[in-house]
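> To start, I am sharing the structure in question, which I have written as structure tokens.
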Amino acid sequence: MTSPIAVVVLAAGAGTRMKSTLPKVLHPLAGWPMLRHVLDNVGRLKPSRVVGVISPGAETVAAAFAPHRTVVQKRPVGTGDAAKAALGALKGHRGPVLVVFGDAPLVTTASMKKLITACARAKAAVGVLGFRSADPTPYGRLIVRDGVLEKIVESKDANVAEKAVDLCNSGVMCLEGGHVAALLGAIRNDNAKHEFYLTDAVGLARAAGLRTIAVEGDEAEFQGINSRVELAVAERALQERLRTAAMTAGVTMTDPDTVWLSADTRFASDVTIGPNVRFGPGVSVATGVQIRAFCDIEGARIGKGALIGPFARIRPGSDVGEDVHIGNFVELKATRMARGAKANHLAYLGDSDIGASSNIGAGTIAVNYDGYGKHRTVVGAEAFIGSNSSLIAPVRVGRGANVTAGSVITEDVPAGAVAFGRARQTTKKGRAAPLRAKLKERAAAAKRARKK
Amino acid sequence: MTSPIAVVVLAAGAGTRMKSTLPKVLHPLAGWPMLRHVLDNVGRLKPSRVVGVISPGAETVAAAFAPHRTVVQKRPVGTGDAAKAALGALKGHRGPVLVVFGDAPLVTTASMKKLITACARAKAAVGVLGFRSADPTPYGRLIVRDGVLEKIVESKDANVAEKAVDLCNSGVMCLEGGHVAALLGAIRNDNAKHEFYLTDAVGLARAAGLRTIAVEGDEAEFQGINSRVELAVAERALQERLRTAAMTAGVTMTDPDTVWLSADTRFASDVTIGPNVRFGPGVSVATGVQIRAFCDIEGARIGKGALIGPFARIRPGSDVGEDVHIGNFVELKATRMARGAKANHLAYLGDSDIGASSNIGAGTIAVNYDGYGKHRTVVGAEAFIGSNSSLIAPVRVGRGANVTAGSVITEDVPAGAVAFGRARQTTKKGRAAPLRAKLKERAAAAKRARKK
Amino acid sequence: MTSPIAVVVLAAGAGTRMKSTLPKVLHPLAGWPMLRHVLDNVGRLKPSRVVGVISPGAETVAAAFAPHRTVVQKRPVGTGDAAKAALGALKGHRGPVLVVFGDAPLVTTASMKKLITACARAKAAVGVLGFRSADPTPYGRLIVRDGVLEKIVESKDANVAEKAVDLCNSGVMCLEGGHVAALLGAIRNDNAKHEFYLTDAVGLARAAGLRTIAVEGDEAEFQGINSRVELAVAERALQERLRTAAMTAGVTMTDPDTVWLSADTRFASDVTIGPNVRFGPGVSVATGVQIRAFCDIEGARIGKGALIGPFARIRPGSDVGEDVHIGNFVELKATRMARGAKANHLAYLGDSDIGASSNIGAGTIAVNYDGYGKHRTVVGAEAFIGSNSSLIAPVRVGRGANVTAGSVITEDVPAGAVAFGRARQTTKKGRAAPLRAKLKERAAAAKRARKK
């Protein structure tokens with residue numbers, strides 16, 4: 001493919017069946033907005049330009065296209081009109097123009113390339129990606145004879161012979177740059193719905209004596225998304241791709257169906273993942289890491305040999321070092337754990353920096369928020385933070401220091417020091433019985449009061 | 001349907017294959033006892049009476065039928081006998097009598113209506129719901145000729161021609177009220193098993209020159225439940241119905257297969273639900289709510305725009321206000337969080353009332369139980385409860401008050417006050433090394449002791 | 001089966017497609033290393049000897065075979081050579097020699113027995129387990145005529161007629177002890193890959209005029225594991241077996257697909273398990289136990305009527321007594337909870353012994369680790385441990401004692417005593433406003449500093 005490629009992404013559809021205030025192409029899929037998957041796949045074509053077609057006022061969609069240019073389709077009068085709206089932005093382009101859909105995020109770069117290459121080879125003015133379907137009923141059919149795409153027939157307009165055709169229209173189209181303006185400009189809306197159909201470009205090209213072809217792809221790639229049920233189906237398909245790729249690269253998943261990945265999750269080999277682990281965007285996992293059941297990880301780096309979970313939550317901005325242990329009911333947020341540090345039980349470490357080989361006791365809270373600002377907690381290497389302690393940030397605990405269990409630490413603790421911040425124990429013999437009698441009577445009184 | 005409808009629900013089966021002390025029809029399904037689904041579907045027919053047939057001593061089943069009447073089938077001698085047991089309770093009824101099974105909770109109201117309507121239209125004395133099955137082997141077959149249900153043949157008694165019939169008996173039957181006593185009374189047990197079969201009503205009606213018909217329904221509705229494996233299959237079917245309905249109404253589910261709903265879960269549109277969320281009975285979720293992965297919610301109202309989870313547990317009696325945040329490892333029980341209040345990390349709030357825009361620090365415990373009674377914690381608006389605090393109920397923290405981290409609050413805190421309940425920090429320089437030496441020696445001594 | 005049986009387990013494969021430093025046969029499956037499933041199934045044959053064939057230096061694999069003997073296959077030159085490596089260890093054996101694969105853990109004892117019995121009955125020198133496959137393409141075919149296994153043809157070497165055969169080679173073979181040395185010794189590597197194929201034993205036996213047979217088994221049992229994707233498929237198959245067995249025995253699972261069992265998980269009847277529960281190895285669950293959603297249990301005994309979860313983690317060495325309640329975000333490690341004891345919310349109990357009917361408050365930590373040694377916490381019966389308490393082990397709280405909320409307990413508490421270890425509350429009226437002004441200014445200053 002030597003000619004520069006332009007891509008038009010149609011993203012002006014209303015998406016009413018989503019029943020949502022969020023534009024359809026921004027609904028999330030594998031941790032990304034739907035549209036980002038399309039742009040990511042398109043991007044691998046290294047196109048010379050990408051033009052998004054959006055509906056009026058769709059600023060969040062325009063922002064999602066950035067840095068690519070967007071143009072506005074003024075009224076929702078069909079895909080032909082939508083593609084035409086991009087013509088201005090295509091001025092000066094020589095080479096193929098690929099038209100894809102913002103709500104069809106499963107189309108792979110490989111299929112796009114296959115179409116473009118086939119068009120170039122056949123010197124076709126129009127090429128369309130099709131797929132064989134066991135149940136073609138809902139789809140337009142590609143009528144191909146002797147290698148020529150004769151026309152695209154809508155399902156409801158198909159005659160008996162055409163209904164028997166199982167090659168369906170994916171909607172993805174490649175137009176030769178030299179012809180694109182003339183073809184799109186000639187599409188008319190003299191039909192029942194008064195819409196401009198992009199598919200008419202095929203007939204128009206044929207009428208002009210130009211070559212038109214169909215290229216076959218895999219049905220699984222061409223599912224469009226029009227409802228939340230279809231969104232869930234696409235999510236599953238994407239997850240299966242991501243899971244299989246991870247396993248093939250050396251990741252063990254006890255139950256792959258219960259591991260949810262983001263499009264950008266990165267794994268080294270010999271990673272083990274238990275059931276029920278969710279990876280939000282921005283996670284990389286080094287070799288030898290073991291992630292147990294019921295973890296939720298997002299925006300974090302997990303270092304070599306770390307042991308995570310079960311029931312761990314690691315939030316964005318966290319950096320979990322080599323051989324670190326993060327145990328159950330522990331939350332990290334924007335926290336760095338240096339090599340060999342451990343927080344094994346019920347703890348919240350926010351905006352913290354925990355030194356190598358330090359041990360964070362059960363129930364420890366790094367108190368990062370005072371109602372107005374967020375502050376940092378810095379713990380040196382080989383420190384020992386006793387259970388149920390509160391480290392009131394900003395605060396520093398020095399290297400090798402001990403904080404005793406149950407302490408509230410408000411001042412810095414120098415290296416090698418022991419800090420206490422708790423009351424001494426007082427024990428009163430024989431006092432449980434009268435205390436209990438009092439509590440019992442209080443409960444009984446409350447019960448009597450409720451009955452009145 | 002102008003005639004009043006009576007429904008007989010057969011629920012006297014032994015259910016031995018469940019291997020349970022709990023009666024079969026009370027086993028849970030989508031958060032309800034199985035029988036409640038049947039009664040709910042039956043209830044939408046607005047029947048003039050519902051009669052449950054139960055086995056002797058099945059008081060919990062009788063209670064589950066309330067306020068409907070139950071009658072006892074004295075000995076387990078067949079479905080015909082069971083239906084006959086209801087005759088007394090049907091006295092005076094004019095109109096159709098629908099017989100359904102307590103262990104077939106997937107039969108929809110629509111199918112029941114279809115049967116009743118068809119019987120009325122055809123003036124049939126007996127109508128039976130049937131279904132087409134790809135593998136009819138296990139089922140009795142409906143032998144229909146010229147629109148007449150000629151008979152129901154048990155699978156083992158079917159001849160070659162009958163075995164080829166794929167229209168199967170669902171068991172659901174509609175009898176004309178005027179004939180029901182005579183038909184049920186005429187059923188005999190002169191067969192191999194000495195049982196009274198309800199299906200014999202068809203032959204008896206035909207012999208009396210009455211009209212008998214079959215009405216077709218969807219196989220998926222007619223799965224009976226006889227074992228825990230079948231219970232799990234029915235649970236899945238019900239969940240799929242509930243999930244699809246929720247998505248169609250505007251709920252996004254990352255992975256619908258891992259969202260467990262109750263029959264009464266209610267959603268507004270634009271709700272987002274991550275993987276692995278369980279809704280127990282009695283939950284309503286307002287628009288714009290985001291429920292992240294790994295949550296367990298039961299008996300609670302979730303207000304508009306609230307952000308829940310991951311790893312949140314919300315228990316019955318809770319009311320989560322608009323824009324409230326409930327974060328990881330947080331448990332609410334019978335707690336009201338007013339608009340904009342936050343409890344983001346590791347906290348237990350039981351029997352509490354948290355004011356608008358208040359912030360509950362990580363590790364906070366509302367200590368509601370003293371071993372005898374449960375007491376309330378009331379926190380005013382815009383209060384700030386520091387991390388790792390214990391609020392010993394009954395206690396009130398006033399509007400705009402601050403409780404410092406690590407405090408034990410035993411007395412009410414007035415509005416605008418600051419309350420401390422913690423020791424001052426003491427730091428002893430250079431003391432970590434001797435402390436560690438001591439602890440090390442203690443560990444070594446313990447090890448030596450264990451070896452002995 | 002009166003003759004003693006010898007079993008040869010081939011476990012010398014390289015497993016490069018696993019992309020792992022862990023030998024393939026040690027990858028985990030239902031909580032056990034893959035090989036242990038094979039040895040467990042083989043063990044039920046009560047074989048007189050089991051010989052493992054391993055690759056050079058595979059010490060961890062040899063250890064996994066213990067107490068069985070292993071022999072080393074020096075170079076990876078085929079299954080025939082691998083089996084031959086076991087000949088020395090089979091010396092003196094009279095009776096059938098069963099050859100199975102360490103990476104095919106789904107083969108049941110029943111199928112092995114069926115093969116051995118059929119060989120004995122037919123006096124066959126060689127018998128092979130085969131299976132019918134809808135898509136036999138990837139497999140070698142068993143060519144059987146008149147009850148005689150004529151040969152095994154590799155898929156790529158099969159002619160048109162042979163390709164049409166759907167009886168496939170599982171690899172599992174039974175050789176008569178009296179012929180095994182001669183047959184294995186005669187296998188040659190005069191083929192394209194210069195490998196010794198165990199399947200050649202069939203042709204060699206036939207050439208020697210010996211009887212050879214094929215025995216049919218179920219395709220599902222014969223999946224070998226060569227990649228992590230196949231490992232996940234096998235895990236699912238095993239889980240389905242285990243789940244179905246549990247449900248049949250009287251366990252209700254809301255969603256069986258999300259309950260992960262270990263090969264040795266044991267259940268009594270009337271156990272209820274919510275969605276998303278993982279059982280690691282070594283768990284037994286008594287009757288009437290309810291395990292709610294999102295639990296992780298390993299190496300523990302759960303007593304009659306106990307109520308676990310949601311979000312409970314129970315680690316090895318724990319013994320949860322009758323009617324005990326373990327609630328959300330609670331971790332037990334090597335902890336005994338006696339009858340009726342409760343720990344319902346956010347707690348860590350490690351190396352502890354909690355007496356009958358005692359109540360452990362929310363946020364309680366049994367501080368078992370001091371950086372050097374692990375120590376025990378012992379709580380007597382009917383004690384009440386207030387919320388957010390820290391019990392610094394080694395420590396004993398006596399029967400019927402009360403520890404007040406927020407206490408740090410460093411010394412033993414006698415029976416019936418009340419122990420405090422917390423500061424008194426101080427309340428400063430009107431001080432929240434100036435405190436907040438100060439915090440606000442600090443946050444603003446920090447913001448200014450970050451901007452510079």
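Labels for the structure tokens follow display order: chains A, B, ..., residues from 1 in each chain, ligands from 1.
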Starting from chain C, keep only residues with some atom at most 6 Å from an atom of chain B, counting only C-alpha atoms, and report them as a ChimeraX atom specification.
/C:247,250,252,270,372-373,423-432
> Include N, CA and C atoms and write out the residues we just selected as a compact mmCIF listing (two decimals), in the first residue's frame.

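For reference, result_18.txt as written:
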```
# COMPACT_ATOMS: atom_id res chain seq x y z
N MET C 247 -23.73 -30.61 43.47
CA MET C 247 -25.16 -30.31 43.43
C MET C 247 -25.99 -31.57 43.60
N GLY C 250 -26.59 -32.49 47.03
CA GLY C 250 -27.41 -31.66 47.91
C GLY C 250 -26.87 -30.27 48.18
N THR C 252 -26.76 -26.38 46.92
CA THR C 252 -27.34 -25.41 46.00
C THR C 252 -26.29 -24.39 45.62
N ASP C 270 -27.50 -29.91 51.97
CA ASP C 270 -28.12 -28.65 52.38
C ASP C 270 -27.12 -27.53 52.65
N TYR C 372 9.02 -10.41 63.60
CA TYR C 372 9.94 -11.54 63.77
C TYR C 372 9.21 -12.85 64.02
N GLY C 373 8.24 -12.81 64.93
CA GLY C 373 7.57 -14.07 65.23
C GLY C 373 6.07 -13.91 65.13
N ALA C 423 -7.81 6.50 74.88
CA ALA C 423 -7.83 7.81 75.54
C ALA C 423 -9.27 8.27 75.74
N ARG C 424 -9.43 9.12 76.72
CA ARG C 424 -10.75 9.74 76.95
C ARG C 424 -11.00 10.77 75.87
N GLN C 425 -12.26 11.00 75.62
CA GLN C 425 -12.62 11.99 74.61
C GLN C 425 -12.52 13.41 75.17
N THR C 426 -11.99 14.33 74.36
CA THR C 426 -12.00 15.76 74.66
C THR C 426 -12.76 16.44 73.55
N THR C 427 -13.65 17.33 73.89
CA THR C 427 -14.42 18.01 72.87
C THR C 427 -14.19 19.51 72.99
N LYS C 428 -13.83 20.15 71.89
CA LYS C 428 -13.57 21.59 71.93
C LYS C 428 -14.60 22.29 71.07
N LYS C 429 -15.49 22.98 71.75
CA LYS C 429 -16.58 23.63 71.04
C LYS C 429 -16.09 24.73 70.10
N GLY C 430 -16.75 24.86 69.00
CA GLY C 430 -16.46 25.97 68.08
C GLY C 430 -15.10 25.89 67.41
N ARG C 431 -14.42 24.79 67.60
CA ARG C 431 -13.06 24.72 67.04
C ARG C 431 -12.98 24.17 65.63
N ALA C 432 -14.08 23.66 65.10
CA ALA C 432 -14.01 23.08 63.75
C ALA C 432 -13.72 24.16 62.71
```
> Please list as a list in words every residue within 6 Å of segment 145-152 of chain B, counting only C-alpha atoms and excluding residues in the same chain fewer than 2 positions away.
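So the residues in contact are Arg141, Leu142, Ile143, Val202, Gly203, Thr212, Ile213 and Ala214 of chain B.
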> Please determine, counting only C-alpha atoms, which residue among B:Ala125, B:Ala334, B:Ala405, B:Val107 has the shortest atom-to-atom distance to Ala362 of chain B.
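The answer is B:Ala405, which sits nearest to Ala362 of chain B.
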> Find the residues around Ala134 of chain A up to 10 Å (only C-alpha atoms counted), leave out those fewer than 5 positions away in its own chain, and share them as number ranges by chain.
A: 166-167, 219
> Would you mind listing what lies within 12 Å of Ala120 of chain A as an MDAnalysis selection string, with only C-alpha atoms counted and same-chain residues fewer than 3 positions away left out?
chainID A and resid 1:5 95:97 113:117 123:127 174:177 211:213
> If you keep C-alpha atoms, can you produce a file of those selected residues as a PDB file, in the first residue's frame?

```pdb
ATOM      1  CA  MET A   1       0.000   0.000   0.000  1.00  0.00           C
ATOM      2  CA  THR A   2       1.976   2.953  -1.203  1.00  0.00           C
ATOM      3  CA  SER A   3      -0.825   5.487  -1.688  1.00  0.00           C
ATOM      4  CA  PRO A   4      -1.777   7.478   1.368  1.00  0.00           C
ATOM      5  CA  ILE A   5      -4.983   6.275   2.994  1.00  0.00           C
ATOM      6  CA  GLY A  95      -5.516   7.352  -2.732  1.00  0.00           C
ATOM      7  CA  PRO A  96      -8.092   5.121  -1.105  1.00  0.00           C
ATOM      8  CA  VAL A  97     -10.768   6.427   1.211  1.00  0.00           C
ATOM      9  CA  LYS A 113      -5.931  -3.775   4.980  1.00  0.00           C
ATOM     10  CA  LYS A 114      -7.289  -6.743   3.074  1.00  0.00           C
ATOM     11  CA  LEU A 115     -10.032  -4.567   1.577  1.00  0.00           C
ATOM     12  CA  ILE A 116      -7.712  -1.694   0.673  1.00  0.00           C
ATOM     13  CA  THR A 117      -5.140  -4.021  -0.861  1.00  0.00           C
ATOM     14  CA  LYS A 123      -8.143  -0.999  -9.477  1.00  0.00           C
ATOM     15  CA  ALA A 124     -11.647  -0.888  -8.054  1.00  0.00           C
ATOM     16  CA  ALA A 125     -13.476   2.399  -7.559  1.00  0.00           C
ATOM     17  CA  VAL A 126     -15.536   0.828  -4.769  1.00  0.00           C
ATOM     18  CA  GLY A 127     -14.848  -2.183  -2.576  1.00  0.00           C
ATOM     19  CA  CYS A 174     -13.254   1.565   0.326  1.00  0.00           C
ATOM     20  CA  LEU A 175     -13.626   4.243  -2.360  1.00  0.00           C
ATOM     21  CA  GLU A 176     -10.928   5.330  -4.762  1.00  0.00           C
ATOM     22  CA  GLY A 177      -9.962   8.933  -3.955  1.00  0.00           C
ATOM     23  CA  ARG A 211     -14.891  -1.617 -11.168  1.00  0.00           C
ATOM     24  CA  THR A 212     -16.556  -2.681  -7.909  1.00  0.00           C
ATOM     25  CA  ILE A 213     -15.569  -5.603  -5.738  1.00  0.00           C
TER      26      ILE A 213
END
```
> Hey, can you check how far atom CA of Pro105 of chain C sits from atom CA of Ala14 of chain C?
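Distance between the two atoms: 16.7 Å.
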> Find, counting only C-alpha atoms, the residue in A:Thr16, A:Ser111, A:Asn226, A:Ser262 that gets nearest to Pro33 of chain A.
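Between A:Thr16, A:Ser111, A:Asn226, A:Ser262, the residue approaching Pro33 of chain A most closely is A:Ser262.
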> Could you check how far atom CA of Arg336 of chain C sits from atom CA of Thr404 of chain C, in Å to one decimal?
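A separation of 22.3 Å between them.
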> How far is it from atom CA of Asp135 of chain B to atom CA of Glu216 of chain B, in Å with one decimal?
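Pair atom CA of Asp135 of chain B / atom CA of Glu216 of chain B returns 16.1 Å.
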> Which of segment 74-318 of chain B counts as alpha helix (DSSP H) under DSSP, as a PyMOL selection string please?
chain B and resi 79-85+109-122+160-163+177-186+200-207+228-248
> Identify, on the basis of only C-alpha atoms, every residue whose closest approach to Gly57 of chain B does not exceed 10 Å; exclude the query and any residue fewer than 3 positions from it along the same chain; express the result as a ChimeraX atom specification.
/B:54,60-62,72,74
> Write a file of the just-selected residues containing N, CA and C atoms, as a compact mmCIF listing (two decimals), in the first residue's frame.

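Saved the output as part-v1.txt:
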```txt
# COMPACT_ATOMS: atom_id res chain seq x y z
N ILE B 54 -50.79 -28.94 49.14
CA ILE B 54 -49.52 -29.20 49.82
C ILE B 54 -49.54 -30.58 50.47
N THR B 60 -44.57 -24.53 56.33
CA THR B 60 -43.83 -23.42 55.72
C THR B 60 -44.32 -23.19 54.30
N VAL B 61 -44.74 -24.26 53.63
CA VAL B 61 -45.28 -24.10 52.28
C VAL B 61 -46.63 -23.40 52.35
N ALA B 62 -47.47 -23.81 53.32
CA ALA B 62 -48.76 -23.16 53.49
C ALA B 62 -48.55 -21.66 53.73
N VAL B 72 -54.62 -30.02 51.81
CA VAL B 72 -53.60 -31.04 51.99
C VAL B 72 -53.93 -32.29 51.16
N LYS B 74 -53.44 -35.97 51.14
CA LYS B 74 -53.07 -36.84 52.27
C LYS B 74 -51.92 -37.79 51.96
```
> Can you list, as an MDAnalysis selection string, every residue of segment 98-299 of chain C that DSSP puts in strand (DSSP E or B)?
chainID C and resid 98:101 126:132 141:145 148:153 167:176 212:217 251:253 259:260 266:267 271:273 277:279 284:285 290:291 295:297
> Taking C-alpha atoms for each residue, export the selection above as a short mmCIF file (atom, residue, chain, number, x, y, z; two decimals), in the first residue's frame.

```
data_model
loop_
_atom_site.label_atom_id
_atom_site.label_comp_id
_atom_site.auth_asym_id
_atom_site.auth_seq_id
_atom_site.Cartn_x
_atom_site.Cartn_y
_atom_site.Cartn_z
CA LEU C 98 -1.00 -49.24 31.39
CA VAL C 99 0.63 -46.25 29.69
CA VAL C 100 -0.98 -42.86 30.40
CA PHE C 101 0.05 -39.26 29.90
CA VAL C 126 -1.97 -54.31 23.10
CA GLY C 127 -5.17 -52.33 23.74
CA VAL C 128 -5.76 -48.69 22.97
CA LEU C 129 -8.41 -46.29 24.25
CA GLY C 130 -10.11 -44.46 21.41
CA PHE C 131 -12.89 -41.96 21.10
CA ARG C 132 -15.37 -40.90 18.44
CA ARG C 141 -7.15 -42.86 13.67
CA LEU C 142 -7.75 -46.31 15.06
CA ILE C 143 -8.33 -48.69 12.16
CA VAL C 144 -10.43 -51.53 13.51
CA ARG C 145 -11.68 -54.50 11.50
CA VAL C 148 -9.10 -56.22 15.71
CA LEU C 149 -7.18 -52.95 15.98
CA GLU C 150 -5.26 -53.20 12.72
CA LYS C 151 -3.21 -50.09 13.07
CA ILE C 152 -3.01 -46.50 14.23
CA VAL C 153 -2.59 -44.04 11.37
CA LEU C 167 -12.42 -43.36 15.94
CA CYS C 168 -9.41 -41.46 17.26
CA ASN C 169 -6.37 -42.39 19.27
CA SER C 170 -6.37 -41.14 22.88
CA GLY C 171 -2.79 -42.27 23.42
CA VAL C 172 -3.73 -44.37 26.44
CA MET C 173 -2.44 -47.90 25.87
CA CYS C 174 -2.44 -51.17 27.76
CA LEU C 175 0.34 -53.67 27.02
CA GLU C 176 0.51 -57.21 28.26
CA THR C 212 -4.69 -56.00 19.49
CA ILE C 213 -7.89 -54.22 20.39
CA ALA C 214 -9.46 -50.79 20.63
CA VAL C 215 -11.78 -49.74 23.45
CA GLU C 216 -14.03 -46.74 23.17
CA GLY C 217 -14.20 -43.94 25.69
CA VAL C 251 -25.51 -28.41 47.45
CA THR C 252 -27.34 -25.41 46.00
CA MET C 253 -25.26 -23.07 43.87
CA VAL C 259 -18.05 -21.57 42.06
CA TRP C 260 -14.48 -22.85 41.83
CA ARG C 266 -16.01 -31.93 50.59
CA PHE C 267 -19.64 -30.96 51.19
CA VAL C 271 -25.17 -26.38 51.83
CA THR C 272 -25.98 -23.15 49.98
CA ILE C 273 -23.32 -21.34 47.97
CA VAL C 277 -16.97 -18.51 45.78
CA ARG C 278 -13.52 -20.05 45.48
CA PHE C 279 -12.52 -23.15 47.38
CA SER C 284 -14.75 -29.44 54.20
CA VAL C 285 -18.20 -27.93 54.68
CA GLN C 290 -24.58 -20.94 53.98
CA ILE C 291 -21.71 -19.38 52.06
CA CYS C 295 -15.78 -15.77 49.46
CA ASP C 296 -12.35 -17.34 49.29
CA ILE C 297 -11.85 -20.39 51.48
#
```
